[in-house]
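A.B. asks: Enclosed is the structure file query37.txt (compact mmCIF, C-alpha atoms).
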```txt
# COMPACT_ATOMS: atom_id res chain seq x y z
CA MET A 1 140.15 -156.17 45.62
CA SER A 2 139.86 -152.62 46.85
CA THR A 3 142.86 -150.28 46.75
CA ILE A 4 144.05 -148.88 50.06
CA SER A 5 145.97 -145.62 50.02
CA LEU A 6 149.17 -145.48 52.00
CA GLU A 7 149.11 -141.69 51.95
CA PRO A 8 148.40 -139.84 55.21
CA VAL A 9 144.87 -138.55 55.65
CA PRO A 10 144.64 -134.87 54.56
CA GLY A 11 144.76 -132.57 57.55
CA ARG A 12 146.69 -135.02 59.71
CA THR A 13 150.20 -133.73 59.47
CA ASP A 14 151.51 -135.94 62.25
CA GLU A 15 150.13 -139.23 60.90
CA MET A 16 152.55 -142.00 60.02
CA VAL A 17 151.21 -144.91 57.94
CA VAL A 18 152.59 -148.40 58.58
CA ASN A 19 151.71 -151.88 57.38
CA MET A 20 151.14 -154.67 59.86
CA GLY A 21 151.42 -157.80 57.74
CA PRO A 22 150.66 -159.54 55.50
CA GLN A 23 153.89 -161.44 56.25
CA HIS A 24 153.98 -161.31 60.02
CA PRO A 25 153.68 -164.22 62.49
CA ALA A 26 151.43 -162.28 64.85
CA THR A 27 148.79 -161.56 62.19
CA HIS A 28 147.75 -165.24 62.43
CA GLY A 29 147.82 -165.65 58.67
CA VAL A 30 148.16 -163.38 55.69
CA LEU A 31 146.33 -160.37 57.11
CA ARG A 32 147.43 -156.86 56.22
CA VAL A 33 146.28 -153.98 58.39
CA VAL A 34 147.07 -150.47 57.20
CA ILE A 35 147.57 -148.49 60.39
CA GLY A 36 147.72 -144.74 60.76
CA LEU A 37 149.65 -143.55 63.82
CA GLU A 38 149.87 -140.27 65.65
CA GLY A 39 152.69 -140.94 68.07
CA GLU A 40 151.86 -144.28 69.68
CA ARG A 41 148.08 -143.94 69.15
CA ILE A 42 146.25 -145.66 66.30
CA VAL A 43 144.02 -143.22 64.43
CA ARG A 44 143.29 -145.37 61.39
CA ALA A 45 143.07 -149.14 60.90
CA VAL A 46 141.97 -150.81 57.68
CA PRO A 47 142.05 -154.63 57.49
CA HIS A 48 142.97 -155.86 54.03
CA ILE A 49 142.39 -159.50 53.10
CA GLY A 50 142.76 -161.37 49.84
CA TYR A 51 146.33 -162.65 50.02
CA LEU A 52 145.30 -166.31 50.29
CA HIS A 53 142.38 -166.79 47.84
CA ARG A 54 141.70 -170.50 48.11
CA ASN A 55 138.49 -170.47 46.01
CA HIS A 56 136.75 -173.10 48.13
CA GLU A 57 133.25 -172.31 46.99
CA LYS A 58 133.94 -172.42 43.25
CA ILE A 59 136.02 -175.58 43.61
CA GLU A 60 133.21 -177.23 45.57
CA GLU A 61 130.63 -176.33 42.91
CA ALA A 62 132.69 -178.40 40.45
CA ARG A 63 132.79 -181.46 42.77
CA THR A 64 130.22 -184.01 43.93
CA PHE A 65 128.85 -183.63 47.44
CA TRP A 66 130.96 -186.59 48.54
CA GLN A 67 134.06 -184.82 47.20
CA VAL A 68 133.16 -181.51 48.87
CA ILE A 69 133.59 -182.84 52.42
CA PRO A 70 137.42 -183.12 52.49
CA TYR A 71 137.75 -179.61 51.02
CA THR A 72 135.92 -178.12 54.00
CA ASP A 73 138.57 -179.41 56.43
CA ARG A 74 141.00 -176.99 54.84
CA MET A 75 139.08 -173.83 55.66
CA ASP A 76 139.53 -173.45 59.41
CA TYR A 77 142.41 -175.91 59.40
CA VAL A 78 142.77 -175.67 63.20
CA SER A 79 139.21 -176.89 63.82
CA GLY A 80 139.23 -180.05 61.69
CA THR A 81 135.90 -181.86 61.50
CA GLN A 82 133.95 -178.82 62.68
CA ASN A 83 134.14 -177.49 59.10
CA GLU A 84 132.65 -180.66 57.62
CA LEU A 85 129.42 -180.60 59.58
CA PRO A 86 127.43 -177.67 58.09
CA VAL A 87 127.52 -179.11 54.56
CA ILE A 88 126.68 -182.58 55.85
CA LEU A 89 123.74 -181.32 57.93
CA ALA A 90 122.36 -179.34 54.98
CA VAL A 91 122.52 -182.31 52.60
CA GLU A 92 121.12 -184.70 55.23
CA ASP A 93 118.15 -182.35 55.60
CA LEU A 94 117.57 -182.08 51.85
CA LEU A 95 117.75 -185.86 51.33
CA GLY A 96 116.01 -186.87 54.56
CA ILE A 97 118.94 -189.02 55.69
CA GLU A 98 118.49 -190.47 59.18
CA VAL A 99 121.55 -190.38 61.44
CA PRO A 100 121.84 -193.00 64.23
CA ASP A 101 122.04 -191.57 67.75
CA ARG A 102 125.44 -193.17 68.33
CA ALA A 103 126.79 -191.50 65.19
CA LYS A 104 125.53 -188.12 66.41
CA GLN A 105 127.23 -188.67 69.76
CA ILE A 106 130.54 -189.62 68.16
CA ARG A 107 130.37 -186.57 65.88
CA THR A 108 129.72 -184.32 68.87
CA ILE A 109 132.66 -185.74 70.85
CA PHE A 110 134.95 -185.05 67.88
CA PHE A 111 133.44 -181.58 67.52
CA GLU A 112 134.28 -180.67 71.11
CA LEU A 113 137.74 -182.25 70.96
CA PHE A 114 138.56 -179.96 68.05
CA ARG A 115 137.15 -176.98 69.98
CA ILE A 116 139.64 -177.73 72.75
CA ALA A 117 142.45 -178.25 70.21
CA SER A 118 141.67 -174.92 68.55
CA HIS A 119 141.53 -173.02 71.85
CA LEU A 120 144.85 -174.56 72.88
CA VAL A 121 146.43 -173.31 69.66
CA TRP A 122 144.91 -169.89 70.30
CA MET A 123 146.24 -169.82 73.87
CA GLY A 124 149.77 -170.75 72.87
CA THR A 125 150.00 -168.37 69.92
CA ALA A 126 148.34 -165.50 71.81
CA MET A 127 150.92 -165.80 74.55
CA LEU A 128 153.70 -165.90 71.95
CA ASP A 129 152.30 -162.63 70.63
CA LEU A 130 152.63 -161.18 74.13
CA GLY A 131 156.20 -162.44 74.47
CA ALA A 132 155.74 -165.66 76.49
CA ILE A 133 157.14 -168.91 75.11
CA THR A 134 156.33 -171.45 77.86
CA PRO A 135 152.51 -171.61 77.39
CA PHE A 136 153.00 -172.32 73.68
CA LEU A 137 155.10 -175.41 74.42
CA TYR A 138 152.54 -176.78 76.90
CA THR A 139 149.47 -176.11 74.75
CA PHE A 140 150.93 -177.76 71.67
CA TRP A 141 151.92 -180.78 73.77
CA ASP A 142 148.28 -181.19 74.87
CA ARG A 143 146.99 -180.57 71.35
CA GLU A 144 149.21 -183.43 70.14
CA ILE A 145 147.32 -185.77 72.46
CA ILE A 146 144.03 -184.79 70.80
CA LEU A 147 145.44 -185.19 67.30
CA GLY A 148 146.78 -188.62 68.28
CA ILE A 149 143.30 -189.69 69.39
CA VAL A 150 141.82 -188.38 66.15
CA GLU A 151 144.44 -190.14 64.04
CA LYS A 152 143.80 -193.55 65.65
CA THR A 153 140.18 -193.42 64.50
CA ALA A 154 140.14 -191.20 61.39
CA GLY A 155 143.57 -192.04 60.00
CA ALA A 156 144.56 -188.37 59.77
CA ARG A 157 145.30 -185.61 62.24
CA MET A 158 144.48 -182.00 61.36
CA LEU A 159 142.34 -182.73 58.28
CA PRO A 160 140.59 -185.99 59.14
CA ASN A 161 137.74 -186.14 56.57
CA TYR A 162 135.87 -188.24 59.13
CA TYR A 163 132.26 -187.06 59.06
CA THR A 164 130.07 -188.30 56.25
CA LEU A 165 126.43 -188.23 55.18
CA GLY A 166 124.50 -190.27 57.73
CA GLY A 167 127.19 -190.35 60.42
CA VAL A 168 130.92 -191.03 60.38
CA ARG A 169 133.11 -192.92 57.91
CA ARG A 170 134.24 -195.68 60.26
CA ASP A 171 133.70 -196.81 63.82
CA VAL A 172 135.90 -195.40 66.54
CA HIS A 173 139.12 -197.12 67.60
CA PRO A 174 138.66 -199.73 70.40
CA ASP A 175 140.66 -197.47 72.75
CA PHE A 176 138.79 -194.29 71.75
CA PHE A 177 136.55 -193.86 74.79
CA LYS A 178 139.35 -194.65 77.25
CA ASP A 179 141.78 -192.34 75.44
CA VAL A 180 139.28 -189.47 75.46
CA ALA A 181 138.44 -189.98 79.15
CA ASP A 182 142.14 -190.05 80.04
CA PHE A 183 142.76 -186.87 78.06
CA VAL A 184 139.90 -185.00 79.75
CA ASP A 185 141.26 -186.06 83.15
CA HIS A 186 144.70 -184.82 82.12
CA LEU A 187 143.42 -181.51 80.75
CA GLU A 188 141.35 -180.72 83.83
CA ARG A 189 144.47 -181.24 85.96
CA ARG A 190 146.42 -178.99 83.58
CA MET A 191 143.93 -176.10 83.41
CA PRO A 192 144.91 -174.51 86.76
CA ASP A 193 148.47 -174.26 85.42
CA TYR A 194 147.21 -172.56 82.27
CA GLU A 195 145.13 -170.15 84.33
CA HIS A 196 148.19 -169.31 86.41
CA LEU A 197 150.32 -168.79 83.28
CA VAL A 198 147.74 -166.70 81.43
CA LEU A 199 144.68 -165.42 83.28
CA GLU A 200 146.52 -164.68 86.53
CA ASN A 201 149.59 -163.25 84.82
CA PRO A 202 150.09 -159.56 85.79
CA ILE A 203 151.70 -158.82 82.41
CA VAL A 204 148.65 -160.26 80.64
CA HIS A 205 146.43 -158.10 82.85
CA ALA A 206 148.40 -154.99 81.91
CA ARG A 207 148.29 -155.82 78.22
CA THR A 208 144.62 -156.89 77.96
CA LYS A 209 142.36 -155.40 80.65
CA GLY A 210 140.49 -152.38 79.35
CA VAL A 211 142.17 -152.82 75.95
CA GLY A 212 140.17 -153.22 72.74
CA VAL A 213 136.75 -152.87 74.33
CA LEU A 214 133.84 -154.03 72.14
CA SER A 215 130.42 -153.02 73.42
CA LYS A 216 127.44 -155.34 73.30
CA GLU A 217 125.62 -153.05 70.87
CA ARG A 218 128.60 -152.74 68.52
CA ALA A 219 129.20 -156.50 68.60
CA ILE A 220 125.61 -157.18 67.53
CA ALA A 221 125.72 -154.45 64.87
CA ARG A 222 128.93 -155.84 63.38
CA GLY A 223 127.57 -159.39 63.23
CA VAL A 224 130.35 -161.01 65.24
CA SER A 225 129.82 -164.40 66.82
CA GLY A 226 131.46 -166.99 69.03
CA PRO A 227 133.76 -166.07 71.93
CA VAL A 228 134.14 -162.51 70.60
CA LEU A 229 130.37 -161.97 70.87
CA ARG A 230 129.99 -163.73 74.20
CA ALA A 231 132.86 -161.72 75.71
CA SER A 232 130.71 -158.64 75.07
CA GLY A 233 127.85 -160.05 77.13
CA VAL A 234 125.68 -161.69 74.44
CA ALA A 235 124.72 -165.26 75.41
CA TYR A 236 124.22 -166.55 71.86
CA ASP A 237 125.45 -170.00 70.86
CA VAL A 238 124.24 -171.97 67.83
CA ARG A 239 124.43 -175.17 69.89
CA LYS A 240 121.69 -173.76 72.12
CA ALA A 241 119.73 -171.64 69.64
CA PHE A 242 119.58 -174.26 66.86
CA PRO A 243 120.74 -177.56 68.39
CA TYR A 244 122.26 -180.21 66.13
CA ASP A 245 123.64 -183.73 66.53
CA ALA A 246 123.85 -184.73 70.22
CA TYR A 247 123.77 -181.24 71.77
CA PRO A 248 120.10 -181.58 72.83
CA GLU A 249 121.19 -184.52 75.02
CA VAL A 250 123.81 -182.67 77.08
CA GLU A 251 123.84 -179.84 79.60
CA PHE A 252 126.34 -177.01 79.37
CA GLU A 253 126.55 -173.31 80.05
CA ILE A 254 127.28 -170.38 77.74
CA PRO A 255 130.13 -168.38 79.34
CA THR A 256 129.74 -164.63 78.92
CA SER A 257 131.49 -161.53 80.21
CA PRO A 258 130.11 -157.99 80.40
CA ASP A 259 133.53 -156.39 79.94
CA GLY A 260 134.05 -156.80 76.19
CA ASP A 261 137.80 -156.22 76.40
CA THR A 262 140.75 -158.33 75.25
CA TYR A 263 141.00 -160.03 78.65
CA ALA A 264 137.31 -160.99 78.50
CA ARG A 265 137.85 -162.70 75.16
CA PHE A 266 140.76 -164.61 76.70
CA TRP A 267 138.63 -165.57 79.72
CA VAL A 268 135.67 -166.79 77.67
CA ARG A 269 137.83 -169.23 75.72
CA PHE A 270 139.16 -170.68 78.95
CA GLN A 271 135.62 -171.26 80.18
CA GLU A 272 134.70 -172.87 76.87
CA ILE A 273 137.43 -175.45 77.39
CA TYR A 274 135.86 -176.34 80.75
CA GLN A 275 132.42 -176.59 79.12
CA ALA A 276 133.79 -178.76 76.30
CA CYS A 277 135.20 -181.17 78.90
CA LYS A 278 131.79 -181.22 80.60
CA ILE A 279 130.04 -182.05 77.30
CA ILE A 280 132.53 -184.79 76.44
CA ARG A 281 132.17 -186.43 79.86
CA GLN A 282 128.39 -186.61 79.47
CA LEU A 283 128.70 -188.12 76.01
CA LEU A 284 131.23 -190.70 77.16
CA GLU A 285 128.59 -191.96 79.58
CA LYS A 286 125.74 -191.87 77.04
CA THR A 287 127.44 -193.27 73.92
CA PRO A 288 127.26 -197.07 73.50
CA LYS A 289 130.62 -198.71 72.90
CA THR A 290 129.20 -200.59 69.92
CA GLY A 291 126.35 -199.98 67.51
CA PRO A 292 125.57 -198.27 64.20
CA TYR A 293 127.86 -195.40 63.28
CA LYS A 294 126.34 -194.53 59.91
CA GLY A 295 122.84 -194.34 58.44
CA LYS A 296 121.83 -195.17 54.89
CA ALA A 297 122.89 -192.63 52.27
CA PRO A 298 122.65 -193.14 48.51
CA ALA A 299 125.94 -193.63 46.70
CA ARG A 300 124.70 -191.46 43.83
CA LEU A 301 123.22 -188.28 45.22
CA LYS A 302 120.49 -186.21 43.60
CA VAL A 303 120.16 -183.11 45.72
CA ASN A 304 117.34 -180.70 44.95
CA GLY A 305 116.38 -177.59 46.90
CA GLU A 306 118.19 -175.15 49.13
CA ARG A 307 119.19 -175.17 52.75
CA TYR A 308 121.21 -173.12 55.25
CA ARG A 309 122.74 -174.89 58.23
CA ALA A 310 125.12 -173.50 60.81
CA VAL A 311 127.23 -174.84 63.66
CA GLU A 312 129.05 -173.21 66.55
CA ASN A 313 132.67 -173.76 65.65
CA SER A 314 135.69 -172.58 67.63
CA ARG A 315 135.36 -169.01 66.29
CA GLY A 316 131.58 -168.65 66.12
CA GLU A 317 128.82 -169.30 63.64
CA LEU A 318 130.11 -171.32 60.71
CA GLY A 319 127.29 -171.72 58.20
CA VAL A 320 126.76 -172.95 54.68
CA TYR A 321 124.05 -172.20 52.16
CA VAL A 322 123.62 -175.08 49.71
CA VAL A 323 121.55 -175.00 46.52
CA GLY A 324 120.98 -178.29 44.69
CA ASP A 325 119.60 -178.60 41.14
CA GLY A 326 118.84 -182.32 41.20
CA THR A 327 122.38 -183.47 40.44
CA ASP A 328 125.16 -184.84 42.61
CA LYS A 329 126.99 -181.48 42.60
CA PRO A 330 126.00 -178.28 44.40
CA TYR A 331 124.59 -175.70 41.98
CA ARG A 332 125.68 -173.01 44.42
CA ILE A 333 127.45 -173.22 47.78
CA LYS A 334 128.30 -170.32 50.07
CA HIS A 335 130.16 -170.54 53.38
CA ARG A 336 129.68 -168.05 56.20
CA GLY A 337 132.98 -167.92 58.05
CA ALA A 338 132.89 -166.85 61.68
CA ALA A 339 136.43 -165.48 61.53
CA PHE A 340 135.50 -163.38 58.49
CA GLY A 341 132.65 -161.72 60.38
CA ASN A 342 134.75 -161.16 63.48
CA LEU A 343 137.44 -159.39 61.46
CA GLN A 344 135.05 -156.49 60.81
CA VAL A 345 135.61 -155.09 64.31
CA ILE A 346 139.32 -154.33 63.78
CA PRO A 347 138.70 -150.59 63.14
CA ASP A 348 136.45 -150.42 66.23
CA LEU A 349 139.04 -152.03 68.47
CA PHE A 350 142.29 -150.64 67.04
CA ILE A 351 141.44 -146.95 66.75
CA GLY A 352 142.37 -145.17 69.96
CA ALA A 353 144.57 -148.01 71.18
CA LYS A 354 148.33 -147.92 71.39
CA PHE A 355 150.32 -149.48 68.58
CA SER A 356 151.70 -152.08 71.00
CA ASP A 357 148.12 -153.11 71.84
CA ALA A 358 147.26 -154.02 68.24
CA ILE A 359 148.83 -157.47 68.40
CA ALA A 360 147.10 -158.37 71.68
CA ILE A 361 143.74 -157.22 70.31
CA LEU A 362 144.18 -159.22 67.11
CA SER A 363 145.15 -162.32 69.13
CA SER A 364 141.88 -162.04 71.04
CA LEU A 365 139.92 -162.29 67.76
CA ASP A 366 141.68 -165.59 66.89
CA PRO A 367 141.41 -165.37 63.08
CA VAL A 368 142.23 -168.28 60.76
CA PHE A 369 142.66 -167.15 57.19
CA GLY A 370 141.78 -170.38 55.48
CA GLU A 371 138.23 -169.59 56.60
CA ILE A 372 138.47 -165.89 55.69
CA ASP A 373 140.10 -166.01 52.24
CA ARG A 374 138.18 -169.10 51.28
```
Rewrite the coordinates I just gave you, this time as structure tokens.
C.D. replies:
Amino acid sequence: MSTISLEPVPGRTDEMVVNMGPQHPATHGVLRVVIGLEGERIVRAVPHIGYLHRNHEKIEEARTFWQVIPYTDRMDYVSGTQNELPVILAVEDLLGIEVPDRAKQIRTIFFELFRIASHLVWMGTAMLDLGAITPFLYTFWDREIILGIVEKTAGARMLPNYYTLGGVRRDVHPDFFKDVADFVDHLERRMPDYEHLVLENPIVHARTKGVGVLSKERAIARGVSGPVLRASGVAYDVRKAFPYDAYPEVEFEIPTSPDGDTYARFWVRFQEIYQACKIIRQLLEKTPKTGPYKGKAPARLKVNGERYRAVENSRGELGVYVVGDGTDKPYRIKHRGAAFGNLQVIPDLFIGAKFSDAIAILSSLDPVFGEIDR
């Protein structure tokens, strides 16, 4: 881990160095940012990670592929099953495992439910960062509905361990399709209230518009992805560029904004909730109520070769590079965390901003440190 000096930069006699984090609720995990201030302006910002160190990749290399799947849930612990899919897709490719269409559709419904759940958590915590308590209470109420639906089928809430090679571990609960349809109806009625509380809030406008601007060129150069990239005007989405599971069967749009500021990143996530509802509604019509939910997969795996597969999780491109040496354990496994890549733009966005803007900017990046310090 690199050493970061807390001494003022030579020649800057007015600089004051402060630490934001790593123990701070608004850093969304154990992030430390060393900030240099001249008055209220940020002149230096160095993100410092490494306070979590969960060693996912080395742990997974000592486990069978079957045992790897539940570990992935614990990376981006807000996005649940989304973390499981890259490893599963890579191994399915290497072994030639066929996945029934119904299993793909169920996996995609779960994937989008967790996207909504993650964005609700982001919305509530971002507003807490800006000093508003009410949105947090509403968003966590609605997230509880999603986790209840997940629990009825998977048997667990945040870390369901539900996807498996060839499909899903068990068929959905008899009430699953009705519960999901009722939730989407409820959420679409709720969204105007959220827009009024957040997007139309004059205090939010003052704190986010024109703040933390990330240009399209800088976003591409830094390798960011997900809502952070799309808020800078780049219409890239893994679900469109490299479709997986049931995404080729559904129609949806990629929301983008040309503004690249903190407000744009807020706005894009709102639009993604609408698009997730649109995807789920289409799949509820397409997915048979009964049928195969899992293809044939060998109990004893012998995985040989290498493969990279990526998905569009709540924060962007979540990928995994798997190398198999003919055994049932990965010889090497490397995760590409979207939140890790997005964190690189902190110096670009913080420097020149006011100290009070730092928290709002960081909220718009929506980091989860289980995926960063993996």
A.B. asks: Output as a tab-separated table one row per residue of region 67-126 of chain A within 6 Å of region 264-285 of chain A: the closest atom pair and its distance in Å to one decimal place, counting all atoms listed in the file, sorted by chain and residue number ascending.
C.D. replies:
```
residue	atom	partner	partner_atom	distance
A:Ile109	CA	A:Ile280	CA	5.7
A:Glu112	CA	A:Ala276	CA	5.6
A:Ile116	CA	A:Ile273	CA	5.6
```
A.B. asks: Take the residues from that selection and write them out as a PDB file, in the coordinates of the input, keeping C-alpha atoms.
C.D. replies:
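Okay, this is what ended up in again-v4.pdb:
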```pdb
ATOM      1  CA  ILE A 109     132.660-185.740  70.850  1.00  0.00           C
ATOM      2  CA  GLU A 112     134.280-180.670  71.110  1.00  0.00           C
ATOM      3  CA  ILE A 116     139.640-177.730  72.750  1.00  0.00           C
TER       4      ILE A 116
END
```
A.B. asks: Per residue of region 24-52 of chain A within 10 Å of region 338-344 of chain A, record the nearest atom pair and its distance in Å to one decimal, counting all atoms listed in the file, with rows in chain order and ascending residue number, as a Markdown table.
C.D. replies:
```
| residue | atom | partner | partner_atom | distance |
| --- | --- | --- | --- | --- |
| A:Leu31 | CA | A:Leu343 | CA | 9.9 |
| A:Val46 | CA | A:Gln344 | CA | 9.5 |
| A:Pro47 | CA | A:Leu343 | CA | 7.7 |
| A:His48 | CA | A:Leu343 | CA | 9.9 |
| A:Ile49 | CA | A:Phe340 | CA | 9.6 |
```
A.B. asks: Identify, on the basis of only C-alpha atoms, every residue whose closest approach to Ala26 (chain A) does not exceed 8 Å; exclude the query and any residue fewer than 5 positions from it along the same chain; express the result as a PDB file with C-alpha atoms, keeping the file's coordinate frame.
C.D. replies:
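Result file is around33.pdb:
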```pdb
ATOM      1  CA  ASP A 129     152.300-162.630  70.630  1.00  0.00           C
ATOM      2  CA  ILE A 359     148.830-157.470  68.400  1.00  0.00           C
ATOM      3  CA  SER A 363     145.150-162.320  69.130  1.00  0.00           C
TER       4      SER A 363
END
```
A.B. asks: Quick one: pull the distance between CA of Asp261 (chain A) and CA of Phe111 (chain A), Å, one decimal.
C.D. replies: 27.2 Å
A.B. asks: Give me, please, the distance in Å between CA of Met20 (chain A) and CA of Ser215 (chain A), quoted to one decimal.
C.D. replies: 24.8 Å
A.B. asks: Near Asp193 (chain A), counting only C-alpha atoms, which residues have an atom at most 12 Å away, once you skip same-chain residues fewer than 5 positions from it, shown as JSON, numbers by chain?
C.D. replies: {"A": [134, 135, 138, 139, 186, 187, 188, 198, 199, 200, 201, 270]}
A.B. asks: Considering only C-alpha atoms, return as a list in words whatever protein or nucleic-acid residues lie within 8 Å of Gly36 (chain A), sequence-local ones (same chain, fewer than 2 positions apart) excluded.
C.D. replies: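 The residues that qualify are Pro8, Glu15, Met16, Val17, Val18, Val34, Glu38, Ile42, Val43, Arg44 and Ala45 of chain A.
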A.B. asks: Just C-alpha atoms for this one: save the residues we selected as a PDB file, keeping the file's coordinate frame.
C.D. replies:
```
ATOM      1  CA  PRO A   8     148.400-139.840  55.210  1.00  0.00           C
ATOM      2  CA  GLU A  15     150.130-139.230  60.900  1.00  0.00           C
ATOM      3  CA  MET A  16     152.550-142.000  60.020  1.00  0.00           C
ATOM      4  CA  VAL A  17     151.210-144.910  57.940  1.00  0.00           C
ATOM      5  CA  VAL A  18     152.590-148.400  58.580  1.00  0.00           C
ATOM      6  CA  VAL A  34     147.070-150.470  57.200  1.00  0.00           C
ATOM      7  CA  GLU A  38     149.870-140.270  65.650  1.00  0.00           C
ATOM      8  CA  ILE A  42     146.250-145.660  66.300  1.00  0.00           C
ATOM      9  CA  VAL A  43     144.020-143.220  64.430  1.00  0.00           C
ATOM     10  CA  ARG A  44     143.290-145.370  61.390  1.00  0.00           C
ATOM     11  CA  ALA A  45     143.070-149.140  60.900  1.00  0.00           C
TER      12      ALA A  45
END
```
A.B. asks: Please list as a list in words every residue within 7 Å of Arg41 (chain A), counting only C-alpha atoms and excluding residues in the same chain fewer than 3 positions away.
C.D. replies: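 So, after excluding close chain neighbours, the residues are Leu37, Glu38, Gly352, Ala353, Lys354 and Phe355 of chain A.
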A.B. asks: Could you tell me, as a list in words, which residues have any atom at most 8 Å from (139.9, -177.0, 65.7), counting all atoms listed in the file?
C.D. replies: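 The residues near that point, listed by chain and number, are Asp76, Tyr77, Val78, Ser79, Gly80, Thr81, Gln82, Leu113, Phe114, Arg115, Ile116, Ala117, Ser118, His119, Asn313 and Ser314 of chain A.
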A.B. asks: Measure the distance from CA of Arg157 (chain A) to CA of Gly226 (chain A) in Å and round it to one decimal.
C.D. replies: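 Distance reported for this atom pair: 24.2 Å.
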A.B. asks: For each of A:Gly370, A:Gly337, A:Gly212, A:Pro192, take the minimum atom-to-atom distance to Val30 (chain A), counting all atoms listed in the file, then give the residue where this is smallest.
C.D. replies: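 Looking at the shortest contact to Val30 (chain A), the residue is A:Gly370.
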A.B. asks: Determine the nearest neighbour of Leu165 (chain A) from the options A:Glu40, A:Glu98, A:Asp185, A:Asp73, counting all atoms listed in the file.
C.D. replies: A:Glu98
A.B. asks: Considering only C-alpha atoms, state which residue in the set A:Val311, A:Ile106, A:Ala126, A:Leu94 is at the smallest distance from Ala154 (chain A).
C.D. replies: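 Under the stated criterion, the closest residue is A:Ile106.
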A.B. asks: Can you list every residue of region 122-160 of chain A that has an atom at most 7 Å from region 173-179 of chain A, with its nearest atom pair and the distance in Å to one decimal, using all atoms listed in the file, ordered by chain then number, as a Markdown table?
C.D. replies:
```
| residue | atom | partner | partner_atom | distance |
| --- | --- | --- | --- | --- |
| A:Ile149 | CA | A:Asp179 | CA | 6.8 |
| A:Lys152 | CA | A:His173 | CA | 6.2 |
| A:Thr153 | CA | A:His173 | CA | 4.9 |
```
